[in-house]
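Heads up, model.tsv below (TSV, C-alpha atoms):
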```tsv
chain	number	residue	atom	x	y	z
A	1	MET	CA	0.00	0.00	0.00
A	2	ASN	CA	1.15	3.52	-0.80
A	3	ILE	CA	0.99	6.62	1.38
A	4	TYR	CA	0.85	10.01	-0.36
A	5	VAL	CA	1.88	13.16	1.53
A	6	TYR	CA	1.29	16.62	0.05
A	7	SER	CA	2.82	19.50	2.00
A	8	ASP	CA	3.56	23.19	2.09
A	9	GLU	CA	4.98	25.65	4.58
A	10	SER	CA	4.02	29.03	5.96
A	11	GLY	CA	6.16	31.70	7.56
A	12	VAL	CA	9.84	32.62	7.37
A	13	PHE	CA	12.52	30.73	9.28
A	14	ASP	CA	14.15	33.81	10.75
A	15	HIS	CA	13.89	34.25	14.52
A	16	VAL	CA	14.89	37.91	14.43
A	17	HIS	CA	11.77	39.02	12.55
A	18	ASN	CA	9.43	36.04	12.94
A	19	ASP	CA	7.91	33.98	15.73
A	20	TYR	CA	6.63	30.79	14.11
A	21	TYR	CA	7.34	28.55	11.14
A	22	ILE	CA	4.73	26.06	9.97
A	23	PHE	CA	4.59	22.88	7.93
A	24	GLY	CA	1.19	21.56	6.97
A	25	GLY	CA	-0.40	19.18	4.56
A	26	LEU	CA	-2.58	16.25	3.63
A	27	ILE	CA	-2.03	12.50	3.95
A	28	PHE	CA	-3.80	10.02	1.68
A	29	ILE	CA	-3.76	6.28	2.36
A	30	GLY	CA	-3.77	4.28	-0.86
A	31	GLU	CA	-3.94	5.30	-4.50
A	32	ASN	CA	-7.74	5.34	-4.64
A	33	ASP	CA	-7.94	7.83	-1.77
A	34	LYS	CA	-5.37	10.07	-3.46
A	35	ASN	CA	-7.07	9.88	-6.86
A	36	ASP	CA	-10.53	10.56	-5.39
A	37	TRP	CA	-9.31	13.69	-3.64
A	38	ASN	CA	-7.41	14.86	-6.68
A	39	LYS	CA	-10.71	14.80	-8.58
A	40	LYS	CA	-12.63	16.44	-5.72
A	41	TYR	CA	-10.13	19.24	-5.42
A	42	ALA	CA	-10.15	19.76	-9.18
A	43	ASP	CA	-13.93	20.24	-8.90
A	44	ILE	CA	-13.45	22.73	-6.05
A	45	GLU	CA	-11.02	24.81	-8.11
A	46	ARG	CA	-13.20	24.56	-11.23
A	47	THR	CA	-16.26	25.76	-9.33
A	48	PHE	CA	-14.36	28.75	-7.97
A	49	LEU	CA	-13.03	29.69	-11.41
A	50	ASN	CA	-16.48	29.34	-12.97
A	51	ASN	CA	-17.84	31.75	-10.37
A	52	ASN	CA	-14.90	34.15	-10.70
A	53	THR	CA	-14.19	34.41	-14.40
A	54	ASN	CA	-11.82	37.38	-13.91
A	55	PHE	CA	-9.54	35.43	-11.57
A	56	ASN	CA	-6.22	34.87	-13.38
A	57	ARG	CA	-3.87	33.79	-10.59
A	58	GLU	CA	-2.92	30.52	-8.98
A	59	ILE	CA	-5.54	29.43	-6.46
A	60	LYS	CA	-3.68	29.75	-3.16
A	61	SER	CA	-4.62	30.69	0.38
A	62	THR	CA	-3.13	34.14	-0.22
A	63	THR	CA	-5.02	34.82	-3.45
A	64	VAL	CA	-8.64	33.94	-2.66
A	65	PRO	CA	-11.12	35.76	-0.38
A	66	ASN	CA	-11.31	34.66	3.25
A	67	ASP	CA	-14.75	33.09	2.90
A	68	VAL	CA	-13.53	30.97	-0.01
A	69	LYS	CA	-10.37	30.08	1.91
A	70	ASN	CA	-12.45	28.85	4.84
A	71	ASP	CA	-14.80	26.88	2.60
A	72	ILE	CA	-11.88	25.16	0.89
A	73	PHE	CA	-10.28	24.28	4.20
A	74	ARG	CA	-13.55	22.85	5.55
A	75	SER	CA	-13.81	20.63	2.48
A	76	PHE	CA	-10.83	18.69	3.90
A	77	ASN	CA	-12.58	17.85	7.18
A	78	VAL	CA	-12.58	14.12	6.48
A	79	CYS	CA	-8.99	14.10	5.19
A	80	TYR	CA	-6.05	13.25	7.41
A	81	LYS	CA	-3.98	16.37	7.93
A	82	PHE	CA	-0.65	16.99	9.63
A	83	GLY	CA	1.05	20.08	10.93
A	84	CYS	CA	4.27	21.19	12.58
A	85	VAL	CA	4.49	24.36	14.66
A	86	ILE	CA	8.05	25.58	15.27
A	87	ASP	CA	8.47	28.25	17.96
A	88	GLU	CA	11.47	30.00	16.45
A	89	HIS	CA	12.47	31.73	19.70
A	90	LYS	CA	12.97	28.33	21.37
A	91	VAL	CA	15.19	26.87	18.63
A	92	ASN	CA	18.77	26.21	19.75
A	93	GLU	CA	20.92	29.26	18.97
A	94	ASN	CA	23.48	27.13	17.11
A	95	ILE	CA	20.87	26.37	14.44
A	96	TRP	CA	20.92	29.99	13.33
A	97	LYS	CA	24.68	30.08	12.70
A	98	SER	CA	24.56	28.72	9.15
A	99	LYS	CA	22.18	28.13	6.29
A	100	LYS	CA	23.14	24.45	6.36
A	101	ASN	CA	22.18	24.11	10.03
A	102	LYS	CA	18.83	25.77	9.42
A	103	GLN	CA	17.98	23.49	6.49
A	104	ARG	CA	18.95	20.39	8.44
A	105	TYR	CA	16.75	21.48	11.32
A	106	LEU	CA	13.80	22.11	8.99
A	107	ASP	CA	14.28	18.67	7.40
A	108	TYR	CA	14.31	17.17	10.90
A	109	ALA	CA	11.16	19.07	11.90
A	110	TYR	CA	9.39	18.00	8.72
A	111	LYS	CA	10.16	14.30	9.08
A	112	MET	CA	9.32	14.24	12.79
A	113	SER	CA	5.93	15.88	12.18
A	114	ILE	CA	5.23	13.29	9.48
A	115	LYS	CA	6.37	10.46	11.73
A	116	ASN	CA	4.15	11.80	14.51
A	117	ALA	CA	1.17	11.67	12.14
A	118	PHE	CA	1.99	8.17	10.87
A	119	VAL	CA	2.30	6.79	14.41
A	120	PHE	CA	-1.00	8.42	15.39
A	121	LEU	CA	-2.76	6.90	12.38
A	122	MET	CA	-1.34	3.45	13.07
A	123	ASN	CA	-2.31	3.65	16.73
A	124	ASN	CA	-5.84	4.49	15.63
A	125	ASP	CA	-5.99	1.54	13.19
A	126	VAL	CA	-6.13	3.66	10.03
A	127	PHE	CA	-3.52	1.32	8.58
A	128	LYS	CA	-1.08	-1.34	9.79
A	129	GLU	CA	2.67	-0.77	9.58
A	130	LYS	CA	3.29	-3.96	7.58
A	131	GLU	CA	0.85	-2.81	4.88
A	132	ILE	CA	2.94	0.17	3.83
A	133	THR	CA	5.43	-0.46	1.00
A	134	HIS	CA	5.87	2.99	-0.57
A	135	ILE	CA	5.71	6.57	0.76
A	136	ASN	CA	5.44	9.43	-1.72
A	137	PHE	CA	6.16	13.01	-0.66
A	138	TYR	CA	5.11	15.98	-2.79
A	139	VAL	CA	6.55	19.22	-1.45
A	140	ASP	CA	6.04	22.77	-2.68
A	141	GLU	CA	9.39	23.57	-4.27
A	142	HIS	CA	9.76	27.28	-3.37
A	143	SER	CA	13.45	27.96	-4.09
A	144	THR	CA	14.94	24.70	-2.89
A	145	ALA	CA	18.37	23.83	-4.34
A	146	THR	CA	19.02	20.43	-5.90
A	147	ASN	CA	21.21	19.32	-3.01
A	148	GLY	CA	18.40	20.31	-0.62
A	149	ILE	CA	16.04	17.92	-2.39
A	150	TYR	CA	18.56	15.10	-2.13
A	151	GLU	CA	19.24	15.73	1.55
A	152	LEU	CA	15.54	15.76	2.45
A	153	LYS	CA	15.03	12.48	0.59
A	154	GLU	CA	18.03	10.99	2.40
A	155	SER	CA	16.70	12.14	5.77
A	156	LEU	CA	13.24	10.68	5.12
A	157	GLU	CA	14.70	7.41	3.85
A	158	GLN	CA	16.87	7.11	6.95
A	159	GLU	CA	13.89	7.69	9.23
A	160	PHE	CA	11.32	5.50	7.52
A	161	LYS	CA	13.29	2.87	5.58
A	162	TYR	CA	16.65	2.23	7.24
A	163	GLY	CA	16.27	3.43	10.82
A	164	THR	CA	18.38	5.91	12.77
A	165	TYR	CA	21.19	5.93	15.30
A	166	SER	CA	21.88	8.05	18.36
A	167	ASN	CA	24.52	10.77	18.04
A	168	ASN	CA	27.31	8.47	19.26
A	169	TYR	CA	25.92	5.42	17.41
A	170	SER	CA	25.45	3.56	20.67
A	171	ALA	CA	21.74	2.98	20.03
A	172	TYR	CA	19.77	2.03	16.93
A	173	PHE	CA	16.13	3.01	16.35
A	174	PRO	CA	14.43	0.81	13.74
A	175	PRO	CA	12.09	2.30	11.13
A	176	ILE	CA	8.37	2.29	11.89
A	177	PHE	CA	7.61	0.43	8.62
A	178	SER	CA	9.16	-3.02	8.38
A	179	ASN	CA	8.13	-3.70	4.75
A	180	LEU	CA	8.92	-0.30	3.23
A	181	ILE	CA	10.45	-0.61	-0.25
A	182	ASP	CA	10.81	2.96	-1.40
A	183	VAL	CA	10.58	6.59	-0.31
A	184	ASN	CA	9.91	8.99	-3.16
A	185	VAL	CA	10.35	12.76	-2.75
A	186	GLU	CA	9.26	15.22	-5.42
A	187	PHE	CA	9.53	18.99	-5.18
A	188	CYS	CA	6.64	20.44	-7.15
A	189	ASP	CA	5.67	23.64	-8.86
A	190	SER	CA	2.24	24.09	-7.31
A	191	SER	CA	0.98	26.07	-10.31
A	192	VAL	CA	1.12	22.93	-12.47
A	193	PRO	CA	-2.41	21.49	-12.83
A	194	LYS	CA	-1.33	17.92	-12.00
A	195	LYS	CA	0.13	19.13	-8.68
A	196	ARG	CA	-3.12	20.60	-7.43
A	197	LEU	CA	-3.01	18.69	-4.14
A	198	VAL	CA	0.13	20.66	-3.22
A	199	ARG	CA	-2.05	23.74	-3.62
A	200	ALA	CA	-4.57	22.07	-1.32
A	201	ALA	CA	-1.81	21.54	1.26
A	202	ASP	CA	-1.16	25.28	1.19
A	203	PHE	CA	-4.58	25.87	2.74
A	204	VAL	CA	-3.73	23.55	5.64
A	205	ALA	CA	-0.39	25.25	6.35
A	206	ASN	CA	-1.99	28.69	6.08
A	207	LYS	CA	-4.83	27.78	8.48
A	208	ILE	CA	-2.38	26.54	11.11
A	209	TYR	CA	-0.20	29.64	10.68
A	210	TYR	CA	-3.18	31.96	11.02
A	211	LEU	CA	-4.43	30.34	14.23
A	212	VAL	CA	-0.97	30.19	15.82
A	213	THR	CA	0.00	33.77	14.97
A	214	SER	CA	-3.43	35.06	16.05
A	215	ASN	CA	-3.06	33.50	19.53
A	216	LYS	CA	-5.80	31.01	18.71
A	217	SER	CA	-3.70	27.83	18.90
A	218	ASP	CA	-6.30	26.20	21.14
A	219	LYS	CA	-8.63	26.06	18.13
A	220	LEU	CA	-6.25	23.64	16.41
A	221	ASN	CA	-7.54	20.98	18.80
A	222	ASN	CA	-11.02	21.34	17.32
A	223	ILE	CA	-9.98	20.70	13.72
A	224	GLN	CA	-11.11	17.29	12.59
A	225	ASN	CA	-8.35	14.81	11.63
A	226	LEU	CA	-5.50	17.27	12.21
A	227	ILE	CA	-2.38	15.85	13.88
A	228	ILE	CA	-0.01	18.53	15.19
A	229	LYS	CA	3.62	18.34	16.31
A	230	TYR	CA	5.08	21.22	18.35
A	231	LEU	CA	8.83	21.91	18.22
A	232	PRO	CA	11.40	22.27	19.58
```

Here is the file; what I need is its structure written in the form of structure tokens.
Amino acid sequence: MNIYVYSDESGVFDHVHNDYYIFGGLIFIGENDKNDWNKKYADIERTFLNNNTNFNREIKSTTVPNDVKNDIFRSFNVCYKFGCVIDEHKVNENIWKSKKNKQRYLDYAYKMSIKNAFVFLMNNDVFKEKEITHINFYVDEHSTATNGIYELKESLEQEFKYGTYSNNYSAYFPPIFSNLIDVNVEFCDSSVPKKRLVRAADFVANKIYYLVTSNKSDKLNNIQNLIIKYLP
């Protein structure tokens, strides 16, 4: 069985001028689930465009009216959603010393928020760990360099396929999926029609960011099927 993860981010990872950085997205279990929602979201976008014939931009959380944004987000009520809330002022000061350190931390935060969601779903019998053979990640590309793509894939593979070690290699932590064959990571241009579910993930990340930065984090607990990880 395949898992499909579509994700986006919200905020700027810069603790001098910003307080929070957010990852958010959608998780689909099996190809049928992914294909069904791809069609449903295509219908959502088509309906909006039919009702707004002068709209000539990419449908994103920052380009549509608030009422439309809320309607789109509510359409994902039955979908499994994940989020990561990073309090930038609590991040270890050494992380800020280099661009490399910052990217490694963000890769770590991303994979741990995904792992948190996977474990939650398994514990709630959404799927069994032995059923999962492939995990596919579709990430909004932004301005990610080629080596950044490779390093994220390597980090996710290590976590979910091979297992990890403690800093001094004295302890080994096995992967949570014993039958995993492959981890695929694709950085996507969200404006491409076939990558519309990355656009859908943008609405999840934006909703989390809005609630956190508006001091309404408690409302995250009321969002159906949303699994949140708080870091550090």

*Which polymer residues, protein or nucleic acid, are no farther than 10 Å from (1.8, 10.5, 12.2), counting all atoms listed in the file, as number ranges by chain?*
A: 27, 80-83, 111-123, 226-229

Would you give me, as JSON lines, each residue of segment 90-140 of chain A having an atom within 8 Å of an atom of segment 178-196 of chain A, along with its shortest atom pair and that distance in Å to one decimal, using only C-alpha atoms and sorting by chain and residue number?
```
{"residue": "A:Glu129", "atom": "CA", "partner": "A:Ser178", "partner_atom": "CA", "distance": 7.0}
{"residue": "A:Lys130", "atom": "CA", "partner": "A:Asn179", "partner_atom": "CA", "distance": 5.6}
{"residue": "A:Glu131", "atom": "CA", "partner": "A:Asn179", "partner_atom": "CA", "distance": 7.3}
{"residue": "A:Ile132", "atom": "CA", "partner": "A:Leu180", "partner_atom": "CA", "distance": 6.0}
{"residue": "A:Thr133", "atom": "CA", "partner": "A:Leu180", "partner_atom": "CA", "distance": 4.1}
{"residue": "A:His134", "atom": "CA", "partner": "A:Asp182", "partner_atom": "CA", "distance": 5.0}
{"residue": "A:Ile135", "atom": "CA", "partner": "A:Val183", "partner_atom": "CA", "distance": 5.0}
{"residue": "A:Asn136", "atom": "CA", "partner": "A:Asn184", "partner_atom": "CA", "distance": 4.7}
{"residue": "A:Phe137", "atom": "CA", "partner": "A:Val185", "partner_atom": "CA", "distance": 4.7}
{"residue": "A:Tyr138", "atom": "CA", "partner": "A:Glu186", "partner_atom": "CA", "distance": 5.0}
{"residue": "A:Val139", "atom": "CA", "partner": "A:Phe187", "partner_atom": "CA", "distance": 4.8}
{"residue": "A:Asp140", "atom": "CA", "partner": "A:Cys188", "partner_atom": "CA", "distance": 5.1}
```

*Counting all atoms listed in the file, which of A:Cys79, A:Ile59, A:Ile86, A:Ile3 gets nearest to His15 of chain A?*
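Ranked by minimum distance to His15 of chain A, first place goes to A:Ile86.
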
_Please report the interatomic distance between atom CA of Asn206 of chain A and atom CA of Phe23 of chain A in Å with one decimal._
9.0 Å

*Just give me the gap between atom CA of Phe55 of chain A and atom CA of Val68 of chain A in Å, one decimal is fine.*
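So the answer is 13.0 Å.
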
_Using only C-alpha atoms: which of A:Lys207, A:Lys90, A:Glu141, A:Phe160 has the shortest distance to Ser7 of chain A_ =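 So, comparing all the options, the nearest one is A:Glu141.
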